[in-house]
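Visitor: My questions all concern the structure below.
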Amino acid sequence: IRPPMGDLGAAIAAWERHTPTLTVEGIAERARRAALLLLGNGTTAVRSHVNLLRGDDPLRGIRALVEVRAELASVMDIQIVAMAPYFAEDAAVHAALDLGADLVGGHPHQTPDPSGNLQRVLTIARSRNVGVDMHTDEQLNPMML
């Protein structure tokens, strides 16, 4: 999708514009290729952050990664984090867990209500007894601590 270098906001916007074109098959192919490259370099366990997507089928990324995880289960452990953007319905997050996501996550800095989004993800995780992986420090300023 070639977003401009050094502009996180533009990269995120480019990704959002691109996601409607993503299919389960395409996501699975890219994930499989990446997993096999990792495996070829000795990596046998990986955590993948899979966004719940906009549109009629927000779970297509989850389904793709569950498929790849099953294919490679004998040689690689793939842990799936269902990343729940603020626009994702709670039902979709629960459905992602039902499909096989291992954890829930989010990026509260990308929402109109960061604290509310964080509390929502934590509540879902607690109710499902799963771990949480939050992206709380995504920025490009190396001086930010």
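Quick note on naming: the chains in the structure tokens go A, B, ... in the order shown, residues restart at 1 in each chain, and ligands are numbered from 1 in order of appearance.
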Using only C-alpha atoms, which protein or nucleic acid residues come within 7 Å of A:Met134? Drop anything in the same chain fewer than 2 positions from it, and give the result as a VMD selection string.
Guide: chain A and resid 105 to 107 132 136
Visitor: For C-alpha atoms, I'd like the residues from the last selection saved as a tab-separated table (two decimals), in the first residue's frame.
Guide:
chain	number	residue	atom	x	y	z
A	105	GLY	CA	-6.04	-6.27	22.10
A	106	GLY	CA	-6.45	-2.78	20.86
A	107	HIS	CA	-4.88	0.56	20.15
A	132	VAL	CA	-4.66	-8.68	26.68
A	136	THR	CA	-0.23	1.99	23.83
Visitor: Would you list, as a PyMOL selection string, the residues of stretch 34-66 of chain A that end up in strand (DSSP E or B) under DSSP run on this structure's backbone?
Guide: chain A and resi 45-51
Visitor: How many Å separate atom CA of A:Asp77 from atom CA of A:Asp98?
Guide: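 Spanning atom CA of A:Asp77 to atom CA of A:Asp98 is a straight-line distance of 18.5 Å.
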Visitor: Quick one: residues within 12 Å of A:His18, only C-alpha atoms, excluding same-chain residues fewer than 4 positions away - as an NGL selection string?
Guide: :A and (1-3 or 11-14 or 22-23 or 53-55)
Visitor: Could you produce a table of the residues of stretch 33-103 of chain A lying within 12 Å of stretch 120-128 of chain A, with the nearest pair of atoms per residue and their separation in Å rounded to one decimal, using only C-alpha atoms, ordered by chain and increasing residue number, as a tab-separated table?
Guide:
residue	atom	partner	partner_atom	distance
A:Val81	CA	A:Ala125	CA	11.2
A:Ala82	CA	A:Val121	CA	10.2
A:Met83	CA	A:Val121	CA	9.3
A:Ala84	CA	A:Val121	CA	7.5
A:Pro85	CA	A:Val121	CA	9.5
A:Tyr86	CA	A:Arg120	CA	9.2
A:Phe87	CA	A:Arg120	CA	11.8
A:Ala88	CA	A:Val121	CA	10.8
A:Glu89	CA	A:Arg120	CA	10.5
A:Asp90	CA	A:Ile124	CA	7.8
A:Ala91	CA	A:Ile124	CA	9.9
A:Ala92	CA	A:Ile124	CA	11.1
A:Val93	CA	A:Ile124	CA	8.0
A:His94	CA	A:Ile124	CA	7.6
A:Ala95	CA	A:Arg128	CA	11.3
A:Ala96	CA	A:Arg128	CA	11.5
A:Leu97	CA	A:Arg128	CA	8.3
A:Asp98	CA	A:Arg128	CA	9.8
A:Ala101	CA	A:Arg128	CA	11.2
A:Asp102	CA	A:Ala125	CA	10.1
A:Leu103	CA	A:Ala125	CA	7.4
Visitor: Got a sec to tell me which of stretch 52-82 of chain A DSSP assigns to helix (DSSP H, G or I), as JSON, numbers by chain?
Guide: {"A": [60, 61, 62, 63, 64, 65, 66, 67, 68, 69, 70, 71]}
Visitor: Smallest atom-to-atom distance to A:Thr43: which of A:Val68, A:Val24, A:Val75, A:Ile62, using only C-alpha atoms?
Guide: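 Nearest candidate to A:Thr43 out of A:Val68, A:Val24, A:Val75, A:Ile62: A:Val75.
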Visitor: I'd like the interatomic distance between atom CA of A:Leu52 and atom CA of A:Leu118, to a tenth of an Å.
Guide: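 Distance reported for this atom pair: 15.6 Å.
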Visitor: Find the spatial neighbours of A:Arg47, counting only C-alpha atoms, within a cut-off of 8 Å - ignore same-chain residues fewer than 6 positions away - and output them as a PyMOL selection string.
Guide: chain A and resi 78-81
Visitor: Emit the selected residues as a compact mmCIF listing (two decimals), in the first residue's frame, including N, CA and C atoms.
Guide:
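Saved to result02.txt:
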# COMPACT_ATOMS: atom_id res chain seq x y z
N ILE A 78 1.43 -20.44 16.73
CA ILE A 78 0.98 -19.11 16.33
C ILE A 78 -0.11 -18.68 17.30
N GLN A 79 0.17 -17.60 18.00
CA GLN A 79 -0.79 -17.03 18.95
C GLN A 79 -1.47 -15.86 18.25
N ILE A 80 -2.79 -15.80 18.32
CA ILE A 80 -3.56 -14.79 17.60
C ILE A 80 -4.18 -13.81 18.59
N VAL A 81 -3.92 -12.53 18.35
CA VAL A 81 -4.52 -11.46 19.14
C VAL A 81 -5.59 -10.79 18.27
